[in-house]
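> structure-v7.txt is the file, holding compact mmCIF, C-alpha atoms:
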# COMPACT_ATOMS: atom_id res chain seq x y z
CA MET A 1 55.20 75.44 31.10
CA ARG A 2 56.37 72.52 33.06
CA VAL A 3 53.98 69.77 33.88
CA MET A 4 54.78 67.18 36.46
CA SER A 5 52.59 64.16 36.20
CA ALA A 6 51.64 62.20 39.24
CA VAL A 7 51.67 58.48 38.81
CA SER A 8 49.75 55.92 40.75
CA ALA A 9 51.50 53.27 42.72
CA PHE A 10 50.55 50.86 40.02
CA THR A 11 52.14 52.82 37.23
CA ALA A 12 55.18 53.42 39.34
CA ALA A 13 55.54 49.70 39.86
CA ALA A 14 55.21 49.14 36.15
CA VAL A 15 57.96 51.62 35.46
CA LEU A 16 60.21 50.04 38.02
CA ALA A 17 59.67 46.60 36.65
CA LEU A 18 60.52 47.57 33.12
CA ALA A 19 62.99 50.37 33.50
CA VAL A 20 66.40 49.00 32.85
CA PRO A 21 69.56 51.03 33.06
CA VAL A 22 70.34 53.42 30.29
CA LEU A 23 73.50 52.56 28.50
CA ALA A 24 75.97 54.49 30.54
CA HIS A 25 79.18 54.50 32.47
CA HIS A 26 77.22 54.74 35.68
CA SER A 27 74.27 53.03 37.29
CA PHE A 28 71.07 54.63 36.04
CA ALA A 29 69.29 53.98 39.32
CA ALA A 30 72.07 55.62 41.30
CA GLU A 31 71.49 58.94 39.62
CA TYR A 32 67.92 59.01 38.33
CA ASP A 33 64.61 57.99 39.82
CA ALA A 34 62.40 56.06 37.43
CA ASN A 35 59.57 56.81 39.85
CA LYS A 36 59.91 60.51 39.22
CA PRO A 37 58.95 61.09 35.61
CA VAL A 38 59.06 64.66 34.46
CA THR A 39 57.74 66.39 31.37
CA LEU A 40 59.40 69.63 30.37
CA LYS A 41 58.34 72.01 27.67
CA GLY A 42 60.64 74.80 26.62
CA THR A 43 63.39 76.07 24.39
CA VAL A 44 66.75 74.43 23.79
CA SER A 45 69.38 76.88 24.98
CA ARG A 46 72.57 74.83 24.81
CA ILE A 47 73.79 71.52 23.43
CA GLU A 48 76.90 69.64 24.54
CA TRP A 49 77.87 66.89 22.08
CA THR A 50 80.34 65.40 24.54
CA ASN A 51 81.25 62.24 26.39
CA PRO A 52 80.39 60.47 28.56
CA HIS A 53 76.94 61.85 27.75
CA ALA A 54 75.51 64.25 25.24
CA ARG A 55 73.52 66.92 27.04
CA PHE A 56 71.13 69.65 26.17
CA TYR A 57 69.70 72.42 28.26
CA VAL A 58 66.13 73.61 28.13
CA ASP A 59 64.81 76.94 29.35
CA VAL A 60 61.43 76.37 30.92
CA LYS A 61 58.90 78.34 32.83
CA GLU A 62 58.20 76.73 36.17
CA PRO A 63 54.63 76.44 37.49
CA ASP A 64 55.30 79.41 39.81
CA GLY A 65 56.19 81.59 36.85
CA THR A 66 59.94 81.68 37.35
CA ALA A 67 62.31 80.75 34.58
CA SER A 68 64.84 77.99 34.96
CA THR A 69 67.20 75.90 32.92
CA TRP A 70 67.11 72.12 33.03
CA ASN A 71 70.08 69.88 32.23
CA LEU A 72 69.02 66.85 30.18
CA GLU A 73 71.21 63.80 29.81
CA LEU A 74 71.24 61.64 26.69
CA ALA A 75 73.30 58.58 25.83
CA SER A 76 76.85 59.15 24.64
CA PRO A 77 77.32 60.75 21.23
CA ASN A 78 78.70 57.39 20.09
CA VAL A 79 75.46 55.63 20.91
CA LEU A 80 73.38 58.40 19.38
CA VAL A 81 75.41 58.35 16.17
CA ARG A 82 75.18 54.57 15.97
CA ASN A 83 71.45 54.98 16.20
CA GLY A 84 71.45 57.33 13.26
CA TRP A 85 71.22 60.65 15.08
CA THR A 86 73.62 63.52 14.60
CA ARG A 87 74.75 66.55 16.54
CA LYS A 88 72.33 68.52 14.40
CA SER A 89 69.28 66.42 15.20
CA LEU A 90 68.48 68.98 17.87
CA ASN A 91 69.33 72.65 17.60
CA ILE A 92 69.52 75.67 19.84
CA GLY A 93 66.22 77.48 19.71
CA ASP A 94 64.16 74.36 19.07
CA GLU A 95 60.88 74.31 20.94
CA ILE A 96 60.61 70.86 22.46
CA THR A 97 58.84 68.65 24.91
CA VAL A 98 61.01 66.27 26.91
CA GLN A 99 59.92 63.32 28.95
CA GLY A 100 62.45 61.90 31.32
CA SER A 101 63.39 60.74 34.78
CA MET A 102 64.45 63.27 37.39
CA ALA A 103 67.77 63.26 39.17
CA LYS A 104 67.56 61.79 42.64
CA ASP A 105 69.34 64.73 44.22
CA GLY A 106 66.58 67.17 43.31
CA SER A 107 68.68 69.27 40.97
CA LYS A 108 67.16 70.55 37.74
CA MET A 109 68.54 67.61 35.87
CA ALA A 110 66.91 64.62 34.19
CA ASN A 111 67.61 61.72 31.93
CA ALA A 112 65.82 62.42 28.66
CA ARG A 113 63.74 59.49 27.51
CA MET A 114 61.80 61.12 24.73
CA VAL A 115 62.32 64.41 22.96
CA THR A 116 59.57 65.76 20.72
CA LEU A 117 59.96 68.78 18.47
CA ALA A 118 57.19 71.30 18.05
CA ASN A 119 56.25 69.69 14.72
CA GLY A 120 55.73 66.38 16.45
CA LYS A 121 58.91 64.73 15.23
CA ARG A 122 60.76 62.75 17.83
CA VAL A 123 64.52 62.89 18.10
CA PHE A 124 66.93 60.61 19.91
CA ALA A 125 64.21 58.00 20.16
CA GLY A 126 65.55 54.54 20.65
CA SER A 127 68.86 55.74 21.91
CA ALA A 128 68.64 57.60 25.17
CA GLY A 129 66.10 55.45 26.85
CA GLY A 130 63.50 55.88 24.19
CA PRO A 131 61.24 53.06 23.19
CA GLU A 132 62.40 50.51 20.75
CA GLY A 133 60.59 50.65 17.47
CA ASP A 134 59.30 54.09 18.28
CA PRO A 135 56.89 55.14 15.54
CA GLY A 136 58.19 58.66 15.84
CA ALA A 137 61.69 57.62 14.97
CA PRO A 138 63.02 58.46 11.54
CA ALA A 139 62.81 55.86 8.82
CA GLN A 140 66.58 55.80 8.57
CA PRO A 141 68.81 53.78 10.88
CA ALA A 142 67.65 53.66 14.42
CA THR A 143 68.53 50.01 14.43
CA GLY A 144 72.14 50.14 15.52
CA ARG A 145 71.45 49.79 19.14
CA GLN A 146 73.94 48.99 21.80
CA MET B 1 42.02 49.41 39.11
CA ASN B 2 40.32 51.39 36.44
CA LEU B 3 40.96 51.45 32.74
CA ARG B 4 42.67 54.81 32.90
CA ASN B 5 45.25 53.51 35.30
CA ILE B 6 45.92 50.50 33.13
CA LEU B 7 46.35 52.65 30.07
CA ALA B 8 48.63 55.01 31.89
CA ALA B 9 50.69 52.16 33.20
CA THR B 10 51.02 50.64 29.78
CA ALA B 11 52.04 53.93 28.25
CA ILE B 12 54.64 54.65 30.87
CA ALA B 13 55.95 51.12 30.86
CA THR B 14 56.33 51.28 27.11
CA MET B 15 58.20 54.53 27.28
CA ALA B 16 60.46 53.19 29.96
CA ALA B 17 61.83 50.45 27.79
CA PRO B 18 65.30 51.79 27.46
CA VAL B 19 68.60 51.35 26.03
CA VAL B 20 70.71 48.82 27.70
CA ALA B 21 73.86 46.95 27.27
CA GLN B 22 71.83 43.85 26.62
CA ARG B 23 70.46 45.49 23.52
CA ASN B 24 73.01 43.59 21.58
CA GLU B 25 70.79 40.56 21.89
CA ASN B 26 69.81 40.84 18.30
CA PRO B 27 68.67 38.10 16.03
CA PRO B 28 71.60 36.87 14.03
CA ALA B 29 71.65 37.70 10.36
CA ALA B 30 74.01 38.63 7.58
CA PRO B 31 76.46 40.16 6.88
CA THR B 32 79.07 37.52 6.50
CA SER B 33 82.71 37.98 5.85
CA PRO B 34 85.58 35.86 4.72
CA ALA B 35 87.12 33.63 7.33
CA GLY B 36 90.34 35.02 8.64
CA SER B 37 89.26 38.61 8.35
CA GLY B 38 87.79 38.53 11.79
CA GLY B 39 84.46 39.21 10.26
CA LEU B 40 85.35 42.81 9.72
CA THR B 41 84.25 45.07 7.02
CA THR B 42 84.86 48.75 6.83
CA GLY B 43 82.47 51.52 7.56
CA ARG B 44 80.31 52.35 10.49
CA GLY B 45 77.57 49.88 10.97
CA ARG B 46 73.96 50.50 11.61
CA GLY B 47 73.03 46.88 11.94
CA PRO B 48 74.44 45.26 15.04
CA GLN B 49 73.37 41.77 14.15
CA ALA B 50 75.94 39.17 15.06
CA PRO B 51 76.80 37.25 11.91
CA GLN B 52 76.54 33.50 11.75
CA GLY B 53 79.06 31.03 10.45
CA PRO B 54 82.02 29.05 11.65
CA ALA B 55 84.66 30.68 13.80
CA PRO B 56 87.53 31.83 11.59
CA LYS B 57 91.08 30.58 11.99
CA LEU B 58 94.43 32.11 11.21
CA PRO B 59 96.54 30.48 8.48
CA ASP B 60 98.47 28.58 11.16
CA GLY B 61 95.27 27.07 12.50
CA ARG B 62 95.04 29.19 15.62
CA PRO B 63 91.77 30.92 16.40
CA ASP B 64 91.27 34.37 14.95
CA PHE B 65 89.82 36.73 17.53
CA SER B 66 90.28 39.92 15.58
CA GLY B 67 87.27 42.11 15.26
CA VAL B 68 85.10 44.58 17.10
CA TRP B 69 83.21 43.01 19.96
CA GLN B 70 80.47 44.27 22.18
CA VAL B 71 80.07 43.62 25.88
CA ALA B 72 82.15 40.55 26.60
CA GLY B 73 81.96 40.99 30.34
CA PRO B 74 79.87 42.32 33.20
CA VAL B 75 78.61 45.89 33.14
CA GLY B 76 76.08 46.19 35.94
CA ASP B 77 76.25 42.95 37.88
CA LEU B 78 79.01 40.36 38.02
CA ALA B 79 76.50 37.79 39.30
CA GLN B 80 74.86 37.71 35.88
CA GLY B 81 77.80 35.63 34.74
CA MET B 82 77.38 32.95 37.41
CA PRO B 83 75.88 29.56 36.64
CA LYS B 84 72.16 29.51 37.37
CA GLY B 85 71.37 28.87 41.00
CA THR B 86 74.79 29.79 42.28
CA ALA B 87 75.92 32.86 44.16
CA ILE B 88 79.19 34.73 44.20
CA PRO B 89 81.15 33.34 47.18
CA LEU B 90 81.82 36.59 49.01
CA ASN B 91 83.39 36.22 52.43
CA ASP B 92 82.49 38.47 55.36
CA ALA B 93 85.13 41.04 54.50
CA GLY B 94 83.91 41.14 50.92
CA LYS B 95 80.31 41.60 52.01
CA ALA B 96 81.30 44.34 54.43
CA LEU B 97 83.29 46.25 51.86
CA MET B 98 80.57 45.91 49.26
CA THR B 99 77.93 47.11 51.69
CA SER B 100 79.98 50.15 52.60
CA ARG B 101 80.41 51.30 49.01
CA GLU B 102 78.51 54.21 47.53
CA SER B 103 77.64 54.48 43.87
CA LYS B 104 79.26 57.88 43.51
CA ASP B 105 82.62 56.26 44.20
CA ASP B 106 82.40 53.72 41.39
CA PRO B 107 85.63 54.33 39.47
CA GLU B 108 83.88 53.80 36.17
CA ALA B 109 81.31 56.47 36.97
CA ASN B 110 84.33 58.70 37.58
CA CYS B 111 85.80 57.90 34.17
CA LEU B 112 88.42 55.45 35.36
CA PRO B 113 89.08 52.06 33.75
CA THR B 114 86.97 48.97 34.21
CA GLY B 115 89.76 46.55 35.07
CA VAL B 116 89.07 42.84 34.53
CA PRO B 117 86.62 41.23 33.79
CA ARG B 118 84.30 44.23 33.85
CA VAL B 119 83.65 45.98 30.58
CA ALA B 120 82.08 49.25 29.60
CA PRO B 121 78.94 49.08 27.50
CA TYR B 122 80.95 50.12 24.47
CA PRO B 123 82.77 48.15 21.80
CA MET B 124 86.25 46.69 22.09
CA ARG B 125 88.56 45.71 19.24
CA MET B 126 90.82 42.69 19.61
CA LEU B 127 94.04 43.09 17.70
CA GLN B 128 96.02 39.89 17.39
CA THR B 129 99.67 39.41 16.47
CA PRO B 130 101.94 36.39 16.93
CA THR B 131 103.45 37.96 20.04
CA HIS B 132 100.71 40.15 21.50
CA ILE B 133 96.99 40.61 21.74
CA PHE B 134 95.73 44.09 22.31
CA MET B 135 92.23 44.86 23.47
CA LEU B 136 91.42 48.38 22.43
CA PHE B 137 88.55 49.77 24.44
CA GLU B 138 86.29 52.55 23.21
CA GLY B 139 85.16 53.06 26.78
CA ASN B 140 85.89 53.22 29.65
CA ILE B 141 88.19 55.15 28.93
CA HIS B 142 89.66 54.81 25.49
CA SER B 143 92.35 52.61 27.02
CA TYR B 144 93.78 49.18 26.20
CA ARG B 145 95.02 45.88 27.57
CA GLN B 146 98.10 44.11 26.29
CA ILE B 147 98.53 40.37 26.56
CA PHE B 148 101.96 38.86 26.00
CA LEU B 149 102.01 35.68 23.92
CA ASP B 150 105.80 35.37 23.66
CA GLY B 151 106.23 32.91 26.48
CA ARG B 152 107.43 35.32 29.11
CA LYS B 153 106.49 34.84 32.74
CA HIS B 154 104.89 37.25 35.16
CA PRO B 155 107.34 39.52 36.98
CA ASP B 156 107.96 38.48 40.56
CA ASP B 157 106.55 41.64 42.09
CA PRO B 158 104.67 43.68 39.51
CA ASP B 159 103.57 47.20 40.31
CA PRO B 160 99.78 47.11 40.76
CA THR B 161 97.90 48.47 37.74
CA TRP B 162 94.31 48.72 36.48
CA TYR B 163 94.68 45.91 33.95
CA GLY B 164 97.50 43.98 35.61
CA HIS B 165 100.17 41.91 33.86
CA SER B 166 98.71 39.48 31.35
CA ILE B 167 100.34 36.49 29.68
CA GLY B 168 98.49 34.28 27.25
CA HIS B 169 98.73 31.02 25.36
CA TYR B 170 96.51 28.95 23.12
CA GLU B 171 94.86 25.69 24.11
CA GLY B 172 93.30 24.43 20.93
CA GLN B 173 90.80 27.03 19.80
CA THR B 174 90.87 28.80 23.15
CA LEU B 175 93.04 31.70 24.23
CA VAL B 176 93.97 31.46 27.91
CA VAL B 177 95.00 34.68 29.63
CA ASP B 178 96.54 34.69 33.07
CA THR B 179 96.69 38.02 34.88
CA ILE B 180 98.15 39.20 38.19
CA GLY B 181 99.43 42.54 39.37
CA PHE B 182 96.07 44.29 39.60
CA ASN B 183 95.49 47.32 41.74
CA ASP B 184 92.52 47.22 44.11
CA LYS B 185 90.85 50.33 42.72
CA PHE B 186 88.35 49.14 40.15
CA TRP B 187 85.02 47.55 40.95
CA PHE B 188 83.72 44.44 39.21
CA ASP B 189 80.35 46.08 38.49
CA PHE B 190 77.92 48.86 39.42
CA ARG B 191 77.10 46.85 42.54
CA GLY B 192 80.58 47.24 43.91
CA HIS B 193 81.83 43.66 44.00
CA PRO B 194 85.34 44.13 45.39
CA HIS B 195 88.79 42.67 44.95
CA SER B 196 92.25 43.20 46.39
CA GLU B 197 95.74 43.33 44.93
CA LYS B 198 95.80 39.55 45.41
CA LEU B 199 93.35 39.18 42.54
CA HIS B 200 94.37 36.54 40.02
CA THR B 201 92.25 36.03 36.92
CA VAL B 202 92.35 33.33 34.30
CA GLU B 203 90.31 34.19 31.23
CA ARG B 204 89.40 31.67 28.56
CA TYR B 205 88.39 33.23 25.25
CA THR B 206 86.67 30.97 22.74
CA ARG B 207 85.03 32.04 19.54
CA SER B 208 82.13 29.60 19.51
CA ASN B 209 81.11 30.77 16.05
CA LEU B 210 81.78 33.70 13.75
CA GLY B 211 79.68 36.11 15.75
CA THR B 212 80.12 34.98 19.35
CA LEU B 213 83.03 35.35 21.75
CA VAL B 214 82.63 33.32 24.93
CA VAL B 215 84.69 34.66 27.82
CA GLU B 216 84.98 32.54 30.94
CA THR B 217 86.82 34.29 33.74
CA THR B 218 87.95 32.54 36.89
CA ILE B 219 88.34 35.01 39.72
CA ASP B 220 90.58 34.09 42.61
CA ASP B 221 90.94 36.57 45.46
CA PRO B 222 91.12 35.04 48.93
CA THR B 223 90.88 38.49 50.50
CA TYR B 224 87.20 38.85 49.66
CA TYR B 225 85.98 35.49 48.38
CA THR B 226 85.80 32.10 50.03
CA LYS B 227 86.88 30.25 46.89
CA PRO B 228 87.66 30.87 43.22
CA PHE B 229 84.62 31.21 40.98
CA THR B 230 84.00 31.51 37.28
CA VAL B 231 81.78 33.95 35.43
CA THR B 232 80.86 33.61 31.78
CA PHE B 233 79.87 36.41 29.44
CA ASN B 234 79.38 36.46 25.71
CA GLY B 235 80.62 39.11 23.34
CA ARG B 236 78.95 39.80 20.01
CA LEU B 237 80.82 40.57 16.85
CA ARG B 238 80.02 43.95 15.33
CA PRO B 239 81.25 43.32 11.82
CA THR B 240 80.51 46.76 10.46
CA GLU B 241 81.45 48.72 13.54
CA GLU B 242 84.48 50.87 14.11
CA LEU B 243 85.68 52.21 17.42
CA MET B 244 84.76 55.79 18.09
CA GLU B 245 86.44 58.29 20.35
CA TYR B 246 85.19 58.27 23.92
CA ILE B 247 86.95 60.68 26.21
CA CYS B 248 84.89 60.18 29.32
CA GLN B 249 86.63 62.93 31.28
CA GLU B 250 85.51 65.61 28.87
CA ASN B 251 82.16 66.39 30.43
CA GLU B 252 81.61 64.05 33.35
CA GLN B 253 78.78 65.51 35.44
CA ASP B 254 77.20 62.38 36.82
CA SER B 255 79.31 61.44 39.80
CA ARG B 256 78.35 64.51 41.80
CA HIS B 257 74.66 63.76 41.31
CA ILE B 258 74.84 60.07 42.16
CA LYS B 259 73.23 59.14 45.45
CA GLY B 260 73.07 56.17 47.71
CA PRO B 261 74.74 52.85 48.25
CA ALA B 262 76.12 50.76 45.45
CA GLY B 263 74.21 47.59 44.94
CA THR B 264 71.88 48.47 42.11
CA PRO B 265 72.90 47.19 38.73
Spell out the structure here as structure tokens.

Amino acid sequence: MRVMSAVSAFTAAAVLALAVPVLAHHSFAAEYDANKPVTLKGTVSRIEWTNPHARFYVDVKEPDGTASTWNLELASPNVLVRNGWTRKSLNIGDEITVQGSMAKDGSKMANARMVTLANGKRVFAGSAGGPEGDPGAPAQPATGRQ
Amino acid sequence: MNLRNILAATAIATMAAPVVAQRNENPPAAPTSPAGSGGLTTGRGRGPQAPQGPAPKLPDGRPDFSGVWQVAGPVGDLAQGMPKGTAIPLNDAGKALMTSRESKDDPEANCLPTGVPRVAPYPMRMLQTPTHIFMLFEGNIHSYRQIFLDGRKHPDDPDPTWYGHSIGHYEGQTLVVDTIGFNDKFWFDFRGHPHSEKLHTVERYTRSNLGTLVVETTIDDPTYYTKPFTVTFNGRLRPTEELMEYICQENEQDSRHIKGPAGTP
């Protein structure tokens, strides 16, 4: 089930003030809206370990009951690898919860900020817009930030 | 404002603290490496700390720039390299062109090269020989610059290219690179600061210590600027880093989703 959280003007302002562009070959703000956070819960159906961005696709059930597939953008594989993640950190079939920022153009696309597996483990934290020093990050690496 | 709002704001703000090019602002620490090696060790690094120590020199006393460097130029906003309290001296034509630009048209977003002095938020290796310096870029787009150190002059009428024609010489511990022959296709940053084929850059590279590369670039383009101006950006040595493949064209999906005017870093 997909849950879209409404944020108050205050929280939106806080996000704006602190959201800085994700390491990318394009302007974060030109593609994604930090004022439109989205939380998606579903099943990973495809993973693209490619440049300029790694991507994964999540099959979710929309609030109206229909099924849809969302396209989630991560940092580049290079950045993810330098942060200690691998192409196997996330796998097809994984049940996950993703928090991210929606694409400005309204397509079913978002920049993934935090990915949480069903067992509570976070992946790609500290690399695709995730928080620095994320307690959910693995003990290994996660320090080689760009 | 109630407590719940404050908590929510804090949580969201914390989550929104993202990965940025400026993440290389790490506290300096080991590792160190022998002078003359460019501070390089083998293996892929996890620790991006810029090492401390004196800037290494080549056996002939010239500065040694070899190594893998991170972000020695503007990524999002050229103005970040200006001296505090000063503005980029755009003329009316420059302002008009910049205002008309849309983010989706940024060549870098479309997997084209950064030009000069812009850099991608990915590492670059400087490779130094007595006659050439090569800058090997991981992104954007796994391309390179070549700088001639053999005393040749610029051609009279070079064909315009993304990186132009670069000749360099040493002034003490500084490498000075003079470049003309640019095309007018790249942007200086996400904001769309423009230039024409008349662009002439003079870059001064100085390794202020083992871990820091100071790059001062004087930009002269009378087509869009009222006077020459100089931007300064620092690169950080990544002593344990190696370049990785970055073929931006492989799966570029962003440009068709990008909306709105350029102008946001």
> In Å, with one decimal, what is the gap from CA of Ile133 in chain B to CA of Val116 in chain B?
15.2 Å
> Using all atoms listed in the file, which residue out of B:Gly168, B:Gly139, B:Pro158, B:Gly211 lies closest to chain A?
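Once distances to chain A are computed over all atoms listed in the file, the minimum belongs to B:Gly139.
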> Mind checking which residues fall within 7 Å of Gly93 in chain A, counting all atoms listed in the file, ignoring those fewer than 3 positions away in the same chain, and posting them as JSON, numbers by chain?
{"A": [43, 44, 45]}
> Check the smallest atom-to-atom distance from each of B:Ala55, B:Leu90, B:Leu149, B:Cys111 to chain A using all atoms listed in the file, then report the winner.
B:Cys111
> Residues near Thr116 in chain A, anyone? I mean within 6 Å using all atoms listed in the file, not counting same-chain ones fewer than 5 positions away, as a list in words.
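Selected residues are Ile96, Thr97, Lys121 and Arg122 of chain A.
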> To one decimal place in Å, what is the distance between CA of Trp70 in chain A and CA of Asn140 in chain B?
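We find that CA of Trp70 in chain A and CA of Asn140 in chain B lie 26.9 Å from each other.
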> Near Ser196 in chain B, within 9 Å and counting all atoms listed in the file, which residues show up once chain neighbours fewer than 2 positions away are dropped, as JSON, numbers by chain?
{"B": [182, 183, 184, 185, 194, 198, 199, 221, 222, 223, 224]}
> Could you save those same residues with C-alpha atoms as a PDB file, in the frame of the given file?

ATOM      1  CA  PHE B 182      96.070  44.290  39.600  1.00  0.00           C
ATOM      2  CA  ASN B 183      95.490  47.320  41.740  1.00  0.00           C
ATOM      3  CA  ASP B 184      92.520  47.220  44.110  1.00  0.00           C
ATOM      4  CA  LYS B 185      90.850  50.330  42.720  1.00  0.00           C
ATOM      5  CA  PRO B 194      85.340  44.130  45.390  1.00  0.00           C
ATOM      6  CA  LYS B 198      95.800  39.550  45.410  1.00  0.00           C
ATOM      7  CA  LEU B 199      93.350  39.180  42.540  1.00  0.00           C
ATOM      8  CA  ASP B 221      90.940  36.570  45.460  1.00  0.00           C
ATOM      9  CA  PRO B 222      91.120  35.040  48.930  1.00  0.00           C
ATOM     10  CA  THR B 223      90.880  38.490  50.500  1.00  0.00           C
ATOM     11  CA  TYR B 224      87.200  38.850  49.660  1.00  0.00           C
TER      12      TYR B 224
END
> So, with only C-alpha atoms as the atoms that count, which of A:Arg55, A:Arg82, A:Lys36, A:Lys108 lies closest to chain B?
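For chain B, the nearest of the candidates is A:Arg82.
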> Got a sec: who's within 7 Å of Met109 in chain A, counting all atoms listed in the file, leaving out chain neighbours fewer than 6 positions off, as JSON, numbers by chain?
{"A": [70, 71, 72, 102, 103]}
> For each of B:Ser103, B:Thr179, B:Thr232, B:Asn91, take the minimum atom-to-atom distance to chain A, counting all atoms listed in the file, then give the residue where this is smallest.
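Between B:Ser103, B:Thr179, B:Thr232, B:Asn91, the residue approaching chain A most closely is B:Ser103.
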> Can you work out which one of A:Ala24, A:Leu117, A:Ala110, A:Leu80 has the shortest atom-to-atom distance to chain B, counting all atoms listed in the file?
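Looking at the shortest contact to chain B, the residue is A:Ala24.
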> So which one's closest to Glu73 in chain A, A:Lys104, A:His53, A:Arg46, A:His25? Using all atoms listed in the file, please.
A:His53
> Mind giving me the straight-line distance from CA of Lys259 in chain B to CA of Asp105 in chain A in Å, one decimal?
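According to the coordinates, CA of Lys259 in chain B and CA of Asp105 in chain A are separated by 6.9 Å.
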